[in-house]
Structure formats: structure tokens, C-alpha cells
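Trainee: I'm passing along work_34.cif; it holds mmCIF, C-alpha atoms.
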data_input
loop_
_atom_site.group_PDB
_atom_site.id
_atom_site.type_symbol
_atom_site.label_atom_id
_atom_site.label_comp_id
_atom_site.auth_asym_id
_atom_site.auth_seq_id
_atom_site.Cartn_x
_atom_site.Cartn_y
_atom_site.Cartn_z
ATOM 1 C CA MET A 26 20.152 -15.805 -13.262
ATOM 2 C CA THR A 27 19.253 -18.132 -10.388
ATOM 3 C CA GLU A 28 15.653 -18.779 -9.515
ATOM 4 C CA ILE A 29 15.302 -18.495 -5.761
ATOM 5 C CA VAL A 30 11.682 -19.271 -5.092
ATOM 6 C CA THR A 31 8.255 -19.671 -6.659
ATOM 7 C CA ILE A 32 5.159 -18.985 -4.583
ATOM 8 C CA THR A 33 1.530 -19.381 -5.557
ATOM 9 C CA VAL A 34 -1.184 -17.754 -3.465
ATOM 10 C CA PRO A 35 -4.958 -17.509 -3.807
ATOM 11 C CA SER A 36 -6.226 -14.237 -5.291
ATOM 12 C CA HIS A 37 -7.790 -13.161 -2.002
ATOM 13 C CA PRO A 38 -6.518 -9.933 -0.401
ATOM 14 C CA LYS A 39 -6.099 -11.770 2.904
ATOM 15 C CA PHE A 40 -3.173 -13.687 1.376
ATOM 16 C CA LEU A 41 -1.235 -10.614 0.275
ATOM 17 C CA TYR A 42 0.695 -10.730 3.548
ATOM 18 C CA VAL A 43 2.048 -14.139 2.496
ATOM 19 C CA ILE A 44 3.697 -12.531 -0.526
ATOM 20 C CA ARG A 45 4.993 -9.658 1.621
ATOM 21 C CA SER A 46 6.319 -12.012 4.278
ATOM 22 C CA ALA A 47 8.164 -14.064 1.666
ATOM 23 C CA VAL A 48 9.580 -11.214 -0.385
ATOM 24 C CA TYR A 49 11.114 -9.107 2.411
ATOM 25 C CA PRO A 50 13.675 -11.649 3.659
ATOM 26 C CA LEU A 51 14.560 -12.618 0.080
ATOM 27 C CA VAL A 52 15.270 -9.002 -0.824
ATOM 28 C CA ILE A 53 17.309 -8.464 2.346
ATOM 29 C CA GLU A 54 19.226 -11.671 1.613
ATOM 30 C CA ALA A 55 19.878 -10.325 -1.892
ATOM 31 C CA GLY A 56 21.698 -7.385 -0.315
ATOM 32 C CA PHE A 57 19.206 -4.546 -0.556
ATOM 33 C CA PRO A 58 19.064 -2.135 2.409
ATOM 34 C CA LYS A 59 16.013 -2.369 4.677
ATOM 35 C CA ARG A 60 14.372 0.815 3.407
ATOM 36 C CA GLU A 61 14.773 -0.267 -0.211
ATOM 37 C CA ALA A 62 13.496 -3.734 0.701
ATOM 38 C CA ARG A 63 10.342 -2.248 2.259
ATOM 39 C CA LYS A 64 9.657 -0.296 -0.925
ATOM 40 C CA ILE A 65 10.186 -3.389 -3.102
ATOM 41 C CA VAL A 66 7.723 -5.300 -0.898
ATOM 42 C CA LEU A 67 5.224 -2.437 -1.221
ATOM 43 C CA ALA A 68 5.548 -2.363 -5.015
ATOM 44 C CA VAL A 69 5.112 -6.142 -5.350
ATOM 45 C CA ASP A 70 2.100 -5.965 -3.046
ATOM 46 C CA GLU A 71 0.608 -3.174 -5.183
ATOM 47 C CA ALA A 72 1.124 -5.293 -8.301
ATOM 48 C CA CYS A 73 -0.687 -8.217 -6.638
ATOM 49 C CA SER A 74 -3.526 -5.899 -5.558
ATOM 50 C CA ASN A 75 -3.862 -4.715 -9.157
ATOM 51 C CA ILE A 76 -4.076 -8.334 -10.335
ATOM 52 C CA ILE A 77 -6.897 -9.011 -7.859
ATOM 53 C CA LYS A 78 -8.742 -5.799 -8.764
ATOM 54 C CA TYR A 79 -8.274 -5.632 -12.527
ATOM 55 C CA ALA A 80 -7.193 -9.026 -13.897
ATOM 56 C CA TYR A 81 -9.468 -11.101 -11.662
ATOM 57 C CA GLU A 82 -12.015 -8.330 -11.043
ATOM 58 C CA GLY A 83 -12.289 -9.332 -7.391
ATOM 59 C CA ASP A 84 -12.620 -13.073 -7.995
ATOM 60 C CA VAL A 85 -10.896 -14.585 -4.948
ATOM 61 C CA THR A 86 -10.914 -18.155 -6.291
ATOM 62 C CA LYS A 87 -8.028 -17.635 -8.733
ATOM 63 C CA HIS A 88 -4.271 -17.700 -8.139
ATOM 64 C CA ILE A 89 -1.243 -15.432 -8.377
ATOM 65 C CA GLN A 90 2.204 -16.901 -8.966
ATOM 66 C CA LEU A 91 5.347 -15.053 -7.949
ATOM 67 C CA ARG A 92 8.745 -16.172 -9.217
ATOM 68 C CA VAL A 93 11.837 -14.519 -7.771
ATOM 69 C CA SER A 94 15.230 -14.739 -9.474
ATOM 70 C CA LEU A 95 18.523 -13.091 -8.723
ATOM 71 C CA ASP A 96 21.989 -12.555 -10.140
ATOM 72 C CA GLN A 97 24.907 -10.285 -9.232
ATOM 73 C CA GLN A 98 23.366 -7.275 -10.932
ATOM 74 C CA ARG A 99 19.630 -7.467 -10.464
ATOM 75 C CA LEU A 100 16.571 -8.857 -8.772
ATOM 76 C CA LEU A 101 13.831 -10.130 -11.054
ATOM 77 C CA MET A 102 10.249 -10.838 -10.062
ATOM 78 C CA GLU A 103 7.618 -12.320 -12.317
ATOM 79 C CA LEU A 104 3.947 -12.189 -11.380
ATOM 80 C CA THR A 105 1.683 -14.439 -13.404
ATOM 81 C CA ASP A 106 -2.096 -14.399 -13.465
ATOM 82 C CA THR A 107 -4.704 -16.116 -15.597
ATOM 83 C CA GLY A 108 -7.213 -13.288 -15.566
ATOM 84 C CA LYS A 109 -8.330 -10.526 -17.870
ATOM 85 C CA GLN A 110 -5.399 -9.194 -19.844
ATOM 86 C CA THR A 111 -4.019 -5.782 -19.060
ATOM 87 C CA ASP A 112 -5.304 -2.893 -21.137
ATOM 88 C CA MET A 113 -2.072 -0.958 -21.491
ATOM 89 C CA SER A 114 -3.932 2.244 -22.351
ATOM 90 C CA LYS A 115 -5.366 2.229 -18.808
ATOM 91 C CA MET A 116 -2.063 1.537 -17.062
ATOM 92 C CA ALA A 117 -0.722 5.107 -16.972
ATOM 93 C CA PRO A 118 -0.169 6.317 -13.405
ATOM 94 C CA ARG A 119 -2.162 9.359 -12.408
ATOM 95 C CA LYS A 120 -0.561 12.712 -11.754
ATOM 96 C CA LEU A 121 0.504 12.975 -8.124
ATOM 97 C CA ASP A 122 -0.664 16.565 -7.767
ATOM 98 C CA ASP A 123 -4.191 15.299 -8.395
ATOM 99 C CA VAL A 124 -4.807 14.390 -4.757
ATOM 100 C CA ARG A 125 -7.635 11.902 -4.655
ATOM 101 C CA PRO A 126 -8.197 8.377 -3.378
ATOM 102 C CA GLY A 127 -6.943 5.569 -5.605
ATOM 103 C CA GLY A 128 -4.674 5.195 -8.616
ATOM 104 C CA LEU A 129 -1.353 5.197 -6.788
ATOM 105 C CA GLY A 130 -0.421 1.546 -7.225
ATOM 106 C CA THR A 131 0.908 1.844 -10.768
ATOM 107 C CA HIS A 132 2.911 4.923 -9.798
ATOM 108 C CA ILE A 133 4.494 3.095 -6.856
ATOM 109 C CA ILE A 134 5.420 0.076 -8.996
ATOM 110 C CA GLY A 135 7.055 2.336 -11.605
ATOM 111 C CA ALA A 136 8.855 4.423 -8.977
ATOM 112 C CA VAL A 137 10.377 1.425 -7.202
ATOM 113 C CA PHE A 138 11.398 -0.865 -10.051
ATOM 114 C CA ASP A 139 13.857 -0.039 -12.819
ATOM 115 C CA SER A 140 11.920 -2.020 -15.411
ATOM 116 C CA VAL A 141 8.217 -2.932 -15.548
ATOM 117 C CA THR A 142 6.979 -5.093 -18.414
ATOM 118 C CA TYR A 143 3.523 -6.523 -19.038
ATOM 119 C CA ASP A 144 3.468 -9.573 -21.325
ATOM 120 C CA THR A 145 -0.020 -10.242 -22.658
ATOM 121 C CA HIS A 146 1.080 -12.367 -25.608
ATOM 122 C CA ARG A 147 -0.529 -15.439 -24.133
ATOM 123 C CA GLU A 148 -3.871 -17.150 -24.476
ATOM 124 C CA THR A 149 -4.950 -15.982 -21.056
ATOM 125 C CA GLY A 150 -3.565 -13.786 -18.344
ATOM 126 C CA THR A 151 -0.521 -11.608 -17.995
ATOM 127 C CA VAL A 152 3.077 -11.997 -16.897
ATOM 128 C CA LEU A 153 4.322 -8.878 -15.151
ATOM 129 C CA THR A 154 8.115 -8.707 -15.013
ATOM 130 C CA LEU A 155 9.651 -6.394 -12.435
ATOM 131 C CA ILE A 156 13.402 -5.770 -12.384
ATOM 132 C CA LYS A 157 15.370 -3.954 -9.699
ATOM 133 C CA ASN A 158 19.036 -3.285 -10.375
ATOM 134 C CA LYS A 159 21.450 -3.638 -7.491
ATOM 135 C CA ALA A 160 23.435 -0.527 -6.692
ATOM 136 C CA GLY A 161 27.177 -0.464 -7.263
ATOM 137 C CA MET B 193 -3.026 -10.024 8.959
ATOM 138 C CA ASN B 194 -5.386 -7.738 10.813
ATOM 139 C CA VAL B 195 -5.540 -4.131 11.791
ATOM 140 C CA GLU B 196 -6.522 -3.172 15.319
ATOM 141 C CA MET B 197 -8.326 0.106 15.854
ATOM 142 C CA VAL B 198 -8.944 1.999 19.073
ATOM 143 C CA THR B 199 -11.018 5.178 19.098
ATOM 144 C CA GLU B 200 -10.768 7.684 21.946
ATOM 145 C CA LYS B 201 -12.730 10.858 22.475
ATOM 146 C CA ILE B 202 -10.446 13.796 23.131
ATOM 147 C CA ASN B 203 -11.105 17.455 23.765
ATOM 148 C CA GLY B 204 -12.929 18.702 20.674
ATOM 149 C CA GLY B 205 -12.376 15.625 18.570
ATOM 150 C CA PHE B 206 -11.362 12.017 18.283
ATOM 151 C CA LEU B 207 -8.173 10.008 18.322
ATOM 152 C CA LEU B 208 -7.885 6.876 16.192
ATOM 153 C CA LYS B 209 -5.024 4.509 16.970
ATOM 154 C CA LEU B 210 -4.129 2.006 14.268
ATOM 155 C CA LYS B 211 -2.036 -1.096 14.801
ATOM 156 C CA GLY B 212 -1.064 -3.742 12.258
ATOM 157 C CA ASP B 213 -1.299 -3.908 8.475
ATOM 158 C CA VAL B 214 -3.467 -1.462 6.535
ATOM 159 C CA ASP B 215 -3.764 -3.089 3.135
ATOM 160 C CA MET B 216 -6.310 -4.080 0.513
ATOM 161 C CA ASN B 217 -7.747 -6.594 2.967
ATOM 162 C CA THR B 218 -8.136 -4.279 5.953
ATOM 163 C CA SER B 219 -8.453 -0.711 4.653
ATOM 164 C CA SER B 220 -12.249 -1.039 4.461
ATOM 165 C CA ASP B 221 -12.247 -1.714 8.242
ATOM 166 C CA VAL B 222 -10.304 1.507 8.788
ATOM 167 C CA ARG B 223 -12.690 3.354 6.462
ATOM 168 C CA ASN B 224 -15.648 2.080 8.501
ATOM 169 C CA ALA B 225 -14.013 3.155 11.768
ATOM 170 C CA ILE B 226 -13.441 6.638 10.357
ATOM 171 C CA ALA B 227 -17.032 6.815 9.101
ATOM 172 C CA ALA B 228 -18.231 5.904 12.606
ATOM 173 C CA ILE B 229 -16.142 8.718 14.062
ATOM 174 C CA PHE B 230 -17.654 11.221 11.638
ATOM 175 C CA LYS B 231 -21.118 9.972 12.545
ATOM 176 C CA GLN B 232 -20.407 10.275 16.258
ATOM 177 C CA GLY B 233 -18.543 13.569 16.027
ATOM 178 C CA SER B 234 -20.670 15.567 13.635
ATOM 179 C CA PRO B 235 -21.556 18.301 13.856
ATOM 180 C CA GLY B 236 -18.935 20.157 15.824
ATOM 181 C CA MET B 237 -15.924 17.865 15.631
ATOM 182 C CA LYS B 238 -12.854 20.088 15.510
ATOM 183 C CA ALA B 239 -10.170 17.534 14.805
ATOM 184 C CA MET B 240 -9.353 13.918 14.161
ATOM 185 C CA LEU B 241 -5.950 12.604 15.204
ATOM 186 C CA ILE B 242 -4.592 9.366 13.809
ATOM 187 C CA ASP B 243 -1.739 7.545 15.547
ATOM 188 C CA LEU B 244 0.293 5.676 12.924
ATOM 189 C CA SER B 245 3.173 4.598 15.159
ATOM 190 C CA HIS B 246 2.155 0.934 15.233
ATOM 191 C CA VAL B 247 1.224 0.528 11.580
ATOM 192 C CA ARG B 248 3.519 -2.232 10.404
ATOM 193 C CA TYR B 249 2.505 -1.914 6.767
ATOM 194 C CA MET B 250 0.415 0.459 4.649
ATOM 195 C CA ASP B 251 -0.348 0.235 0.934
ATOM 196 C CA SER B 252 -2.038 2.623 -1.495
ATOM 197 C CA SER B 253 -5.500 1.562 -0.313
ATOM 198 C CA GLY B 254 -4.502 2.809 3.151
ATOM 199 C CA ILE B 255 -3.347 6.072 1.612
ATOM 200 C CA ALA B 256 -6.653 6.312 -0.283
ATOM 201 C CA THR B 257 -8.505 5.858 3.008
ATOM 202 C CA LEU B 258 -6.544 8.708 4.603
ATOM 203 C CA VAL B 259 -7.138 10.959 1.569
ATOM 204 C CA GLU B 260 -10.880 10.270 1.816
ATOM 205 C CA CYS B 261 -10.724 11.071 5.525
ATOM 206 C CA MET B 262 -8.931 14.350 4.789
ATOM 207 C CA GLN B 263 -11.544 15.285 2.199
ATOM 208 C CA ASN B 264 -14.358 14.547 4.649
ATOM 209 C CA CYS B 265 -12.614 16.599 7.322
ATOM 210 C CA MET B 266 -12.360 19.516 4.903
ATOM 211 C CA LYS B 267 -16.083 19.247 4.131
ATOM 212 C CA THR B 268 -17.025 19.255 7.819
ATOM 213 C CA GLY B 269 -14.502 21.883 8.896
ATOM 214 C CA ALA B 270 -12.452 19.513 11.042
ATOM 215 C CA ARG B 271 -8.661 19.186 11.091
ATOM 216 C CA LEU B 272 -7.016 15.877 10.269
ATOM 217 C CA ARG B 273 -3.676 15.378 11.981
ATOM 218 C CA LEU B 274 -1.450 12.338 11.611
ATOM 219 C CA TYR B 275 1.358 11.596 14.019
ATOM 220 C CA GLU B 276 4.280 9.246 14.654
ATOM 221 C CA LEU B 277 4.406 7.777 11.178
ATOM 222 C CA SER B 278 6.055 4.368 11.287
ATOM 223 C CA PRO B 279 8.835 3.638 8.761
ATOM 224 C CA ALA B 280 6.412 1.691 6.539
ATOM 225 C CA VAL B 281 3.972 4.604 6.494
ATOM 226 C CA ARG B 282 6.764 7.083 5.796
ATOM 227 C CA ASP B 283 7.834 4.961 2.805
ATOM 228 C CA VAL B 284 4.430 5.008 1.140
ATOM 229 C CA PHE B 285 3.932 8.719 1.897
ATOM 230 C CA GLU B 286 7.301 9.432 0.317
ATOM 231 C CA LEU B 287 6.518 7.385 -2.801
ATOM 232 C CA ALA B 288 3.100 9.016 -3.128
ATOM 233 C CA ARG B 289 4.623 12.441 -2.366
ATOM 234 C CA LEU B 290 1.859 13.154 0.098
ATOM 235 C CA ALA B 291 3.880 14.449 3.032
ATOM 236 C CA SER B 292 3.014 18.057 2.193
ATOM 237 C CA VAL B 293 -0.683 17.312 1.731
ATOM 238 C CA PHE B 294 -1.334 16.140 5.297
ATOM 239 C CA GLU B 295 -0.662 17.770 8.665
ATOM 240 C CA ILE B 296 1.947 15.417 10.087
ATOM 241 C CA PHE B 297 3.397 15.593 13.605
ATOM 242 C CA LYS B 298 6.203 13.746 15.340
ATOM 243 C CA THR B 299 4.328 13.297 18.600
ATOM 244 C CA CYS B 300 0.814 13.040 19.960
ATOM 245 C CA GLY B 301 1.501 16.163 22.008
ATOM 246 C CA GLY B 302 2.356 18.166 18.922
ATOM 247 C CA ALA B 303 -0.697 16.928 17.069
ATOM 248 C CA SER B 304 -2.962 17.704 20.017
ATOM 249 C CA ALA B 305 -1.928 21.336 20.333
ATOM 250 C CA GLY B 306 -3.517 24.378 18.767
ATOM 251 C CA TRP B 307 -6.529 23.513 16.714
#
For the structure just supplied, provide its representation as C-alpha cells.

Mentor:
Amino acid sequence: MTEIVTITVPSHPKFLYVIRSAVYPLVIEAGFPKREARKIVLAVDEACSNIIKYAYEGDVTKHIQLRVSLDQQRLLMELTDTGKQTDMSKMAPRKLDDVRPGGLGTHIIGAVFDSVTYDTHRETGTVLTLIKNKAG
Amino acid sequence: MNVEMVTEKINGGFLLKLKGDVDMNTSSDVRNAIAAIFKQGSPGMKAMLIDLSHVRYMDSSGIATLVECMQNCMKTGARLRLYELSPAVRDVFELARLASVFEIFKTCGGASAGW
């Protein structure tokens, strides 16, 4: 697996577009169709939003690192934070027929990526690994 | 990235045009614009139309803002109609399976008729 790029951005929502702007061309370059690429960007953005909201609890002075790797079969993205570790019991996506504001981010991440893994076996923070298999 | 908002008074309601990125950074601005419309339009507002044709990006916080707007419309007896969803908006609606929850129209003309 070849590492393509590593980006670190401040944990302020105003920098989420930097992640989006970087990920889209990488995903297109990796061979995903535009529609699929837009959904991958959305899911990564939702994961970053969750880091800001839950791991950093709105603290905009921290950082989020995104590492993108690729091989013939799959696209791998790792998001690393140094915030509060994920409580897996609270990570379940809500039911979609319960129409109310909020709670969609985890559902979107799970719907877009083929594998979603939270590694909290560290002193601080979480590494979220997102894998998208390439079709065919 | 910013979101630009233009509000227009139309017959019996209001039209909100959104342009740009509706994300965690900007959705509160959209929420405030919608709250201002409710304040200006109540009581008696029959409908709110939202033009989504120039929304380059929308995340789940944008969806949450629209769901809140829909709930407020239901409370006040107004109709919420969305039209010309951009590809980015269609993507997030599809993933959230919300297309059947909202009144969605292809054109402004369609959204403006018959409320």
C-alpha cells in the first residue's frame, strides 16, 4: 500500500474545507467515479466533524491528521486525533426513520466505507481507519 | 468557505437562496437566517421555499438545519419546499434517506405552485 499524502489541519470547523479540497482530487485520481468521490469526501468530512465535536469537545486549538494510502484494491484513510477517546457504546448510528436533527454522521460514514475501525489502544486519542474497496 | 444567503418575500411566504458550502462551520448561519424568516413571517406565513441549486456542499449539520426548519414549519402550519437540489445535496439526501420526508421540486416554478 502506497501512502499518497498526509495532511494536518487545526480542529476548527472552518478548516474542514481543506480536508474536502484535498480528498476529492485524490479519490478521483484513485479511479473512483465523481458521485462516489463526493460521498467519500462527505464521509471523511463527517468523521472530522465528529472528532471536533466529540473527541475535542469543540476545542479548536487541537489538530486532526489525515493519512491517505492506496493500492490496486482499496483506498485507506486514517484520521488521528489526540482528544477524548471514542466511547464505542455511543457510536451506533440512529435509526433513519427517526427523523430528527443530528446523529446522521456515523450512519453516513458506515454507509460509504466498507470498513470503519476505531483504535483507542493508545495513551491518548483515537485512530479512525476508513477503507473503501475499489470496484471490479 | 462561506455560505451566501439571500431572502426574498414571495406571495404568502419567503424564498431562501443558498449558495456555497453548508457545513459544520456555516450551518448555524443558515439556521439564523431561517429563524429570522420565521420571526418576520409569523403568523400567517404559508410557505418557505429553499433554493439549493448553488449549494456546492452540504453535510449532516446542513441536513439537521433543514429538518429543524421542517419541524418549525409543521408547528406554524407553513409548507417547506426545497427545489433544484445540487448533486452534493442529492448525495447527502440519498445517504440520509430523506428524499421522501421533504417536499422536493425540480424547479422554482413547481415549488411555487399550489400551496

Trainee: Determine which residues of chain B sit within 9 Å of chain A, taking into account all atoms listed in the file, and present them as a short mmCIF file (atom, residue, chain, number, x, y, z; two decimals) with C-alpha atoms, in the frame of the given file.

Mentor:
data_model
loop_
_atom_site.label_atom_id
_atom_site.label_comp_id
_atom_site.auth_asym_id
_atom_site.auth_seq_id
_atom_site.Cartn_x
_atom_site.Cartn_y
_atom_site.Cartn_z
CA MET B 193 -3.03 -10.02 8.96
CA ASN B 194 -5.39 -7.74 10.81
CA ASP B 213 -1.30 -3.91 8.48
CA ASP B 215 -3.76 -3.09 3.14
CA MET B 216 -6.31 -4.08 0.51
CA ASN B 217 -7.75 -6.59 2.97
CA THR B 218 -8.14 -4.28 5.95
CA TYR B 249 2.50 -1.91 6.77
CA MET B 250 0.42 0.46 4.65
CA ASP B 251 -0.35 0.24 0.93
CA SER B 252 -2.04 2.62 -1.50
CA SER B 253 -5.50 1.56 -0.31
CA ILE B 255 -3.35 6.07 1.61
CA ALA B 256 -6.65 6.31 -0.28
CA THR B 257 -8.51 5.86 3.01
CA LEU B 258 -6.54 8.71 4.60
CA VAL B 259 -7.14 10.96 1.57
CA GLU B 260 -10.88 10.27 1.82
CA GLN B 263 -11.54 15.28 2.20
CA PRO B 279 8.84 3.64 8.76
CA ALA B 280 6.41 1.69 6.54
CA ASP B 283 7.83 4.96 2.80
CA VAL B 284 4.43 5.01 1.14
CA LEU B 287 6.52 7.38 -2.80
CA ALA B 288 3.10 9.02 -3.13
CA ARG B 289 4.62 12.44 -2.37
CA LEU B 290 1.86 13.15 0.10
CA VAL B 293 -0.68 17.31 1.73
#

Trainee: Translate the PyMOL selection byres ((chain B and resi 236) around 9) into a concrete residue list for this structure, as a PyMOL selection string.

Mentor: chain B and resi 204-205+233-235+237-238+268-270

Trainee: Could you tell me, as a short mmCIF file (atom, residue, chain, number, x, y, z; two decimals) with C-alpha atoms, keeping the file's coordinate frame, which residues have any atom at most 12 Å from (-12.4, 17.0, 14.1), counting all atoms listed in the file?

Mentor:
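Output contents, as saved in part.cif:
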data_model
loop_
_atom_site.label_atom_id
_atom_site.label_comp_id
_atom_site.auth_asym_id
_atom_site.auth_seq_id
_atom_site.Cartn_x
_atom_site.Cartn_y
_atom_site.Cartn_z
CA LYS B 201 -12.73 10.86 22.48
CA ILE B 202 -10.45 13.80 23.13
CA ASN B 203 -11.10 17.45 23.76
CA GLY B 204 -12.93 18.70 20.67
CA GLY B 205 -12.38 15.62 18.57
CA PHE B 206 -11.36 12.02 18.28
CA LEU B 207 -8.17 10.01 18.32
CA LEU B 208 -7.88 6.88 16.19
CA ILE B 226 -13.44 6.64 10.36
CA ILE B 229 -16.14 8.72 14.06
CA PHE B 230 -17.65 11.22 11.64
CA LYS B 231 -21.12 9.97 12.54
CA GLN B 232 -20.41 10.28 16.26
CA GLY B 233 -18.54 13.57 16.03
CA SER B 234 -20.67 15.57 13.64
CA PRO B 235 -21.56 18.30 13.86
CA GLY B 236 -18.93 20.16 15.82
CA MET B 237 -15.92 17.86 15.63
CA LYS B 238 -12.85 20.09 15.51
CA ALA B 239 -10.17 17.53 14.80
CA MET B 240 -9.35 13.92 14.16
CA LEU B 241 -5.95 12.60 15.20
CA ILE B 242 -4.59 9.37 13.81
CA CYS B 261 -10.72 11.07 5.52
CA MET B 262 -8.93 14.35 4.79
CA ASN B 264 -14.36 14.55 4.65
CA CYS B 265 -12.61 16.60 7.32
CA MET B 266 -12.36 19.52 4.90
CA LYS B 267 -16.08 19.25 4.13
CA THR B 268 -17.02 19.26 7.82
CA GLY B 269 -14.50 21.88 8.90
CA ALA B 270 -12.45 19.51 11.04
CA ARG B 271 -8.66 19.19 11.09
CA LEU B 272 -7.02 15.88 10.27
CA ARG B 273 -3.68 15.38 11.98
CA SER B 304 -2.96 17.70 20.02
CA TRP B 307 -6.53 23.51 16.71
#

Trainee: Which residues, protein or nucleic acid, reach to within 10 Å of (16.7, -6.8, -1.5) in the file's coordinates when using all atoms listed in the file, and can you give that as a PDB file with C-alpha atoms, in the coordinates of the input?

Mentor:
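Written file, result18.pdb:
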ATOM      1  CA  VAL A  48       9.580 -11.214  -0.385  1.00  0.00           C
ATOM      2  CA  TYR A  49      11.114  -9.107   2.411  1.00  0.00           C
ATOM      3  CA  PRO A  50      13.675 -11.649   3.659  1.00  0.00           C
ATOM      4  CA  LEU A  51      14.560 -12.618   0.080  1.00  0.00           C
ATOM      5  CA  VAL A  52      15.270  -9.002  -0.824  1.00  0.00           C
ATOM      6  CA  ILE A  53      17.309  -8.464   2.346  1.00  0.00           C
ATOM      7  CA  GLU A  54      19.226 -11.671   1.613  1.00  0.00           C
ATOM      8  CA  ALA A  55      19.878 -10.325  -1.892  1.00  0.00           C
ATOM      9  CA  GLY A  56      21.698  -7.385  -0.315  1.00  0.00           C
ATOM     10  CA  PHE A  57      19.206  -4.546  -0.556  1.00  0.00           C
ATOM     11  CA  PRO A  58      19.064  -2.135   2.409  1.00  0.00           C
ATOM     12  CA  LYS A  59      16.013  -2.369   4.677  1.00  0.00           C
ATOM     13  CA  ARG A  60      14.372   0.815   3.407  1.00  0.00           C
ATOM     14  CA  GLU A  61      14.773  -0.267  -0.211  1.00  0.00           C
ATOM     15  CA  ALA A  62      13.496  -3.734   0.701  1.00  0.00           C
ATOM     16  CA  ARG A  63      10.342  -2.248   2.259  1.00  0.00           C
ATOM     17  CA  LYS A  64       9.657  -0.296  -0.925  1.00  0.00           C
ATOM     18  CA  ILE A  65      10.186  -3.389  -3.102  1.00  0.00           C
ATOM     19  CA  VAL A  66       7.723  -5.300  -0.898  1.00  0.00           C
ATOM     20  CA  LEU A  95      18.523 -13.091  -8.723  1.00  0.00           C
ATOM     21  CA  ARG A  99      19.630  -7.467 -10.464  1.00  0.00           C
ATOM     22  CA  LEU A 100      16.571  -8.857  -8.772  1.00  0.00           C
ATOM     23  CA  LYS A 157      15.370  -3.954  -9.699  1.00  0.00           C
ATOM     24  CA  ASN A 158      19.036  -3.285 -10.375  1.00  0.00           C
ATOM     25  CA  LYS A 159      21.450  -3.638  -7.491  1.00  0.00           C
TER      26      LYS A 159
END

Trainee: On this structure, which residues satisfy the PyMOL selection byres ((chain A and resi 149) around 12), written as a PyMOL selection string?

Mentor: chain A and resi 80-81+105-111+144-148+150-152

Trainee: Which distance in Å separates atom CA of B:Gly212 and atom CA of B:Leu277, to one decimal?

Mentor: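 Computing it gives 12.8 Å between the two atoms.
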
Trainee: Considering all atoms listed in the file, can you say which of A:Ile29, A:Met102, A:Val34, A:Leu155 comes closest to A:Thr86?

Mentor: A:Val34

Trainee: Just how far from atom CA of B:Ala228 is atom CA of B:Ala303, in Å to one decimal?

Mentor: 21.2 Å

Trainee: Need to verify the contact set: A:Thr33, 7 Å, only C-alpha atoms, exclusion of same-chain residues closer than 2 positions in sequence. Can you return it as a PyMOL selection string?

Mentor: chain A and resi 31+35+88-91
